[in-house]
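Data block below; observations after.
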Amino acid sequence: MRYTLSRLLVLPLGAVLGTGCFVNTGPDVEKNPCDPNPCTQGDKTQCVNEDGDARCLCKPGTVLRPSGACEAVTAVNCPEHGGDTSEPDDCLLRAAPLATNVQRQQSIEPVGDYDFFKIDGTVDNVYTVTVEPGPGSLMPRVDVFDQGGEWISSHDGRPKAQVGFKARATAPYYVRVSHSPMDPSAATGAYALTSGLVGKDDYGDIATEATLFVPDVGGTNTPTARYGRFEYGQDEDWIALDVTQGTTYRIEFDTSRFLPALAAFTREDVKNPFRTARAAYVDITAGSTTRVYLNLYSPLAEPGSYAFRLFRY
């Protein structure tokens with residue numbers, strides 16, 4: 001998520017409840033959450049165990065549509081046609097396995113072709129996918145989907161397309177290569193595809209996964225240097241501070257390194273930031289005793305390493 005940088009935003013009252021497709025299976029991680037199968041509604045009857053949580057997916061032979069409905073696989077949503085030797089590969093169910101650090105040579109042919117690939121993801125690992133177009137008019141686009149067909153991220157090439165993503169579960173993830181809709185002209189052409197494993201993400205991407213820090217006392221001669229990195233352009237790093245009403249807190253960045261943008265939230269509202277900024281340091285005076293979350297991100301969607309210090313006054 002990206003935010004408009006401003007000095008102050010009005011903070012609405014009340015907590016925000018999240019929604020999702022997961023079934024709470026309780027603290028017993030030894031139990032198989034899919035036994036018995038909790039997925040009994042509509043066509044989402046396929047249960048998968050995502051690291052201790054049951055998730056309901058479309059039943060075999062169907063695919064998830066943007067509307068949320070499960071649609072039977074047909075020649076309309078999974079066409080067969082001529083092209084390169086990897087055809088047919090125009091839908092999730094026919095995705096070709098994609099190994100990391102191995103380059104594949106394929107092509108978008110004919111007009112409207114989709115090429116799907118599958119990456120076996122490991123929870124908390126970060127992956128990148130890069131598409132380099134060959135000679136011709138192809139402007140590549142890369143989309144990433146999770147095992148249920150939920151869209152995660154995308155990037156349109158100019159000319160190279162590169163996208164990164166973090167595996168939220170040990171499960172298959174899917175990559176789709178196509179001609180970018182940003183180009184008003186139809187096009188085909190060859191491309192080189194490479195997937196890379198960056199490693200484990202250093203900080204969580206949401207408030208519930210934020211790393212809690214204790215700030216140093218302002219004026220200390222030996223402040224603690226802390227480090228982070230954006231493993232890919234769309235990465236977000238969440239950190240947290242327990243704050244006391246009336247106390248001022250400062251996050252100070254090392255300006256010789258990458259300078260992140262920042263969005264600040266309270267525990268009571270982790271959807272609407274009360275402060276956004278990109279500066280060498282940001283001061284926040286606590287209006288109440290609560291927990292504050294700081295979402296650090298790359299404003300230009302570029303990877304980079306950064307360093308920061310935290311103080312209370």
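Following the order of the structure tokens, first chain is A, next is B, and so on, with residues numbered from 1 inside each chain and ligands from 1 in the order they appear.
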Exercise: region 157-161 of chain A partners within 8 Å, only C-alpha atoms, chain neighbours under 5 positions left out, as a ChimeraX atom specification:
/A:130-133,139-142,180
May I have the residues from that selection written out with N, CA, C and O atoms, as a PDB file, in the first residue's frame?
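Everything below was put into out08.pdb:
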```pdb
ATOM      1  N   THR A 130      11.663 -11.802 -13.266  1.00  0.00           N
ATOM      2  CA  THR A 130      12.107 -10.804 -14.243  1.00  0.00           C
ATOM      3  C   THR A 130      11.847 -11.300 -15.653  1.00  0.00           C
ATOM      4  O   THR A 130      12.162 -12.450 -15.983  1.00  0.00           O
ATOM      5  N   VAL A 131      11.265 -10.434 -16.481  1.00  0.00           N
ATOM      6  CA  VAL A 131      11.016 -10.760 -17.885  1.00  0.00           C
ATOM      7  C   VAL A 131      11.718  -9.729 -18.755  1.00  0.00           C
ATOM      8  O   VAL A 131      11.445  -8.530 -18.667  1.00  0.00           O
ATOM      9  N   GLU A 132      12.636 -10.198 -19.597  1.00  0.00           N
ATOM     10  CA  GLU A 132      13.359  -9.348 -20.544  1.00  0.00           C
ATOM     11  C   GLU A 132      12.836  -9.637 -21.943  1.00  0.00           C
ATOM     12  O   GLU A 132      12.956 -10.762 -22.436  1.00  0.00           O
ATOM     13  N   PRO A 133      12.244  -8.643 -22.625  1.00  0.00           N
ATOM     14  CA  PRO A 133      11.740  -8.904 -23.979  1.00  0.00           C
ATOM     15  C   PRO A 133      12.875  -9.047 -24.980  1.00  0.00           C
ATOM     16  O   PRO A 133      13.928  -8.428 -24.842  1.00  0.00           O
ATOM     17  N   MET A 139       5.783  -5.655 -25.072  1.00  0.00           N
ATOM     18  CA  MET A 139       5.990  -4.966 -23.803  1.00  0.00           C
ATOM     19  C   MET A 139       5.456  -5.902 -22.711  1.00  0.00           C
ATOM     20  O   MET A 139       4.250  -5.999 -22.513  1.00  0.00           O
ATOM     21  N   PRO A 140       6.327  -6.598 -21.990  1.00  0.00           N
ATOM     22  CA  PRO A 140       5.849  -7.658 -21.104  1.00  0.00           C
ATOM     23  C   PRO A 140       5.169  -7.123 -19.847  1.00  0.00           C
ATOM     24  O   PRO A 140       5.484  -6.032 -19.358  1.00  0.00           O
ATOM     25  N   ARG A 141       4.241  -7.897 -19.345  1.00  0.00           N
ATOM     26  CA  ARG A 141       3.605  -7.663 -18.050  1.00  0.00           C
ATOM     27  C   ARG A 141       3.718  -8.963 -17.261  1.00  0.00           C
ATOM     28  O   ARG A 141       3.548 -10.061 -17.805  1.00  0.00           O
ATOM     29  N   VAL A 142       4.007  -8.826 -15.945  1.00  0.00           N
ATOM     30  CA  VAL A 142       4.083  -9.972 -15.056  1.00  0.00           C
ATOM     31  C   VAL A 142       3.045  -9.806 -13.955  1.00  0.00           C
ATOM     32  O   VAL A 142       2.998  -8.758 -13.300  1.00  0.00           O
ATOM     33  N   SER A 180       1.588  -6.243 -22.198  1.00  0.00           N
ATOM     34  CA  SER A 180       1.025  -5.258 -21.289  1.00  0.00           C
ATOM     35  C   SER A 180      -0.167  -4.511 -21.894  1.00  0.00           C
ATOM     36  O   SER A 180      -0.096  -4.030 -23.034  1.00  0.00           O
TER      37      SER A 180
END
```
Please identify all polymer residues within 8 Å of Thr100 (chain A), counting only C-alpha atoms, omitting same-chain residues fewer than 5 positions from it, and present them as a PyMOL selection string.
chain A and resi 194-197
Write the residues of the selection above to a file with C-alpha atoms, as a compact mmCIF listing (two decimals), in the first residue's frame.
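Result written to part.txt:
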```
# COMPACT_ATOMS: atom_id res chain seq x y z
CA THR A 194 14.11 -15.67 -14.64
CA SER A 195 12.92 -16.29 -11.08
CA GLY A 196 15.18 -15.57 -8.09
CA LEU A 197 15.08 -16.40 -4.39
```
Tell me, as a ChimeraX atom specification, which residues lie within 9 Å of Pro135 (chain A), counting only C-alpha atoms; anything in the same chain fewer than 3 positions away does not count.
/A:138,189-191
Each residue of region 238-257 of chain A with at least one atom at most 6 Å from region 208-225 of chain A should appear once, together with its nearest atom pair and the corresponding distance in Å (one decimal); atoms considered: only C-alpha atoms; ordering: chain, then increasing residue number; output as JSON lines.
```
{"residue": "A:Trp238", "atom": "CA", "partner": "A:Ala210", "partner_atom": "CA", "distance": 4.7}
{"residue": "A:Ile239", "atom": "CA", "partner": "A:Ala210", "partner_atom": "CA", "distance": 4.6}
{"residue": "A:Ala240", "atom": "CA", "partner": "A:Leu212", "partner_atom": "CA", "distance": 4.6}
{"residue": "A:Leu241", "atom": "CA", "partner": "A:Phe213", "partner_atom": "CA", "distance": 5.7}
```
Those residues you just picked out, can you put them in a file as a compact mmCIF listing (two decimals), in the first residue's frame with N, CA and C atoms?
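Listing of out_1.txt after writing:
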```txt
# COMPACT_ATOMS: atom_id res chain seq x y z
N TRP A 238 7.10 -3.23 8.62
CA TRP A 238 6.32 -2.67 9.73
C TRP A 238 7.07 -2.84 11.03
N ILE A 239 7.21 -1.73 11.78
CA ILE A 239 7.79 -1.76 13.11
C ILE A 239 6.79 -1.12 14.08
N ALA A 240 6.99 -1.35 15.38
CA ALA A 240 6.01 -0.87 16.37
C ALA A 240 6.72 -0.28 17.57
N LEU A 241 6.05 0.68 18.23
CA LEU A 241 6.53 1.31 19.46
C LEU A 241 5.35 1.39 20.43
```
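Rounded to one decimal, CA of Ala54 (chain A) and CA of Ser153 (chain A) lie 23.1 Å from each other.
The smallest atom-to-atom distance between Asp146 (chain A) and any of A:Arg267, A:Lys200, A:Lys166, A:Arg312, using only C-alpha atoms, is found for A:Lys166.
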Surrounding residues of region 290-297 of chain A excluding itself and chain neighbours under 2 positions, 9 Å, only C-alpha atoms, as a ChimeraX atom specification
/A:1-2,205-207,210,212,230,233-245,260-268,270,286-288,299-301
So what do you get for CA of Glu109 (chain A) versus CA of Arg65 (chain A), distance-wise?
23.8 Å
Given only C-alpha atoms as the counted atoms, nearest of A:Val123, A:Phe145, A:Ala192, A:Tyr227 to Asn101 (chain A):
A:Ala192
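Remark: for Tyr174 (chain A), the closest of the candidate residues A:Asn77, A:Thr188, A:Ser67, A:Ser154 is A:Ser154 (distances computed over only C-alpha atoms).
Compared by their closest atoms to Arg55 (chain A), and using only C-alpha atoms, the residues A:Gly148, A:Tyr127, A:Gln41, A:Pro97 rank with A:Gly148 nearest.
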Would you pick out the contacts of Asp254 (chain A) at 12 Å or less, using only C-alpha atoms, so that residues sharing its chain but fewer than 6 positions from it are not included, and give the list as a ChimeraX atom specification?
/A:225-228,260,279-281,305-310
Measuring atom to atom with only C-alpha atoms, identify which of A:Pro184, A:Gly304, A:Gly164, A:Gly121 is nearest to Ala99 (chain A).
A:Gly121
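Near Asp84 (chain A), within 10 Å and counting only C-alpha atoms, sit Pro88, Asp89, Gln105, Gln106, Ser107, Ile108, Glu109, Pro110 and Ala190 of chain A; same-chain residues fewer than 4 positions away were not included.
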Atoms kept (all heavy atoms) for selection, written as a PDB file, in the first residue's frame:
```
ATOM      1  N   PRO A  88      -0.138 -26.106 -24.386  1.00  0.00           N
ATOM      2  CA  PRO A  88      -1.016 -25.076 -23.839  1.00  0.00           C
ATOM      3  C   PRO A  88      -0.636 -24.717 -22.399  1.00  0.00           C
ATOM      4  O   PRO A  88      -0.405 -25.602 -21.566  1.00  0.00           O
ATOM      5  CB  PRO A  88      -2.396 -25.726 -23.884  1.00  0.00           C
ATOM      6  CG  PRO A  88      -2.121 -27.191 -23.728  1.00  0.00           C
ATOM      7  CD  PRO A  88      -0.783 -27.427 -24.369  1.00  0.00           C
ATOM      8  N   ASP A  89      -0.569 -23.419 -22.104  1.00  0.00           N
ATOM      9  CA  ASP A  89      -0.210 -22.957 -20.757  1.00  0.00           C
ATOM     10  C   ASP A  89      -0.917 -21.641 -20.446  1.00  0.00           C
ATOM     11  O   ASP A  89      -0.353 -20.757 -19.811  1.00  0.00           O
ATOM     12  CB  ASP A  89       1.308 -22.807 -20.616  1.00  0.00           C
ATOM     13  CG  ASP A  89       1.910 -21.810 -21.610  1.00  0.00           C
ATOM     14  OD1 ASP A  89       1.160 -21.313 -22.478  1.00  0.00           O
ATOM     15  OD2 ASP A  89       3.112 -21.520 -21.518  1.00  0.00           O
ATOM     16  N   GLN A 105      13.373 -19.440 -22.034  1.00  0.00           N
ATOM     17  CA  GLN A 105      13.120 -18.680 -23.257  1.00  0.00           C
ATOM     18  C   GLN A 105      11.755 -19.102 -23.794  1.00  0.00           C
ATOM     19  O   GLN A 105      11.540 -20.269 -24.113  1.00  0.00           O
ATOM     20  CB  GLN A 105      14.202 -18.952 -24.306  1.00  0.00           C
ATOM     21  CG  GLN A 105      15.606 -18.603 -23.866  1.00  0.00           C
ATOM     22  CD  GLN A 105      15.860 -17.108 -23.822  1.00  0.00           C
ATOM     23  OE1 GLN A 105      15.191 -16.320 -24.506  1.00  0.00           O
ATOM     24  NE2 GLN A 105      16.838 -16.692 -23.037  1.00  0.00           N
ATOM     25  N   GLN A 106      10.817 -18.144 -23.855  1.00  0.00           N
ATOM     26  CA  GLN A 106       9.488 -18.433 -24.387  1.00  0.00           C
ATOM     27  C   GLN A 106       9.009 -17.263 -25.226  1.00  0.00           C
ATOM     28  O   GLN A 106       9.768 -16.315 -25.457  1.00  0.00           O
ATOM     29  CB  GLN A 106       8.510 -18.757 -23.259  1.00  0.00           C
ATOM     30  CG  GLN A 106       8.757 -20.112 -22.632  1.00  0.00           C
ATOM     31  CD  GLN A 106       7.587 -20.629 -21.815  1.00  0.00           C
ATOM     32  OE1 GLN A 106       7.776 -21.422 -20.905  1.00  0.00           O
ATOM     33  NE2 GLN A 106       6.377 -20.209 -22.131  1.00  0.00           N
ATOM     34  N   SER A 107       7.740 -17.307 -25.648  1.00  0.00           N
ATOM     35  CA  SER A 107       7.210 -16.233 -26.469  1.00  0.00           C
ATOM     36  C   SER A 107       5.722 -16.047 -26.210  1.00  0.00           C
ATOM     37  O   SER A 107       5.031 -16.985 -25.802  1.00  0.00           O
ATOM     38  CB  SER A 107       7.442 -16.516 -27.962  1.00  0.00           C
ATOM     39  OG  SER A 107       6.739 -17.683 -28.354  1.00  0.00           O
ATOM     40  N   ILE A 108       5.271 -14.821 -26.385  1.00  0.00           N
ATOM     41  CA  ILE A 108       3.851 -14.509 -26.401  1.00  0.00           C
ATOM     42  C   ILE A 108       3.412 -14.595 -27.855  1.00  0.00           C
ATOM     43  O   ILE A 108       3.776 -13.765 -28.685  1.00  0.00           O
ATOM     44  CB  ILE A 108       3.573 -13.116 -25.816  1.00  0.00           C
ATOM     45  CG1 ILE A 108       3.955 -13.085 -24.335  1.00  0.00           C
ATOM     46  CG2 ILE A 108       2.111 -12.729 -26.002  1.00  0.00           C
ATOM     47  CD1 ILE A 108       3.181 -14.062 -23.455  1.00  0.00           C
ATOM     48  N   GLU A 109       2.667 -15.624 -28.162  1.00  0.00           N
ATOM     49  CA  GLU A 109       2.260 -15.913 -29.539  1.00  0.00           C
ATOM     50  C   GLU A 109       1.093 -16.900 -29.494  1.00  0.00           C
ATOM     51  O   GLU A 109       1.211 -17.942 -28.843  1.00  0.00           O
ATOM     52  CB  GLU A 109       3.431 -16.523 -30.314  1.00  0.00           C
ATOM     53  CG  GLU A 109       3.142 -16.890 -31.756  1.00  0.00           C
ATOM     54  CD  GLU A 109       2.974 -15.673 -32.642  1.00  0.00           C
ATOM     55  OE1 GLU A 109       3.682 -14.674 -32.439  1.00  0.00           O
ATOM     56  OE2 GLU A 109       2.124 -15.736 -33.542  1.00  0.00           O
ATOM     57  N   PRO A 110      -0.041 -16.568 -30.097  1.00  0.00           N
ATOM     58  CA  PRO A 110      -0.389 -15.395 -30.890  1.00  0.00           C
ATOM     59  C   PRO A 110      -0.812 -14.219 -30.008  1.00  0.00           C
ATOM     60  O   PRO A 110      -0.634 -14.265 -28.783  1.00  0.00           O
ATOM     61  CB  PRO A 110      -1.580 -15.904 -31.715  1.00  0.00           C
ATOM     62  CG  PRO A 110      -2.253 -16.866 -30.792  1.00  0.00           C
ATOM     63  CD  PRO A 110      -1.125 -17.541 -30.049  1.00  0.00           C
ATOM     64  N   ALA A 190       9.300 -12.760 -28.394  1.00  0.00           N
ATOM     65  CA  ALA A 190      10.031 -13.646 -27.491  1.00  0.00           C
ATOM     66  C   ALA A 190      10.433 -12.901 -26.226  1.00  0.00           C
ATOM     67  O   ALA A 190      10.514 -11.670 -26.199  1.00  0.00           O
ATOM     68  CB  ALA A 190      11.267 -14.192 -28.199  1.00  0.00           C
TER      69      ALA A 190
END
```
Residues of region 61-99 of chain A in strand (DSSP E), written as a ChimeraX atom specification:
/A:62-64,70-72,96-97
Mind giving me the straight-line distance from CA of Pro33 (chain A) to CA of Asn49 (chain A) in Å, one decimal?
6.5 Å
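Running DSSP on the backbone and keeping only helix (DSSP H, G or I), the residues of region 62-240 of chain A that qualify are Leu92, Leu93, Arg94, Ala207, Thr208 and Glu209 of chain A.
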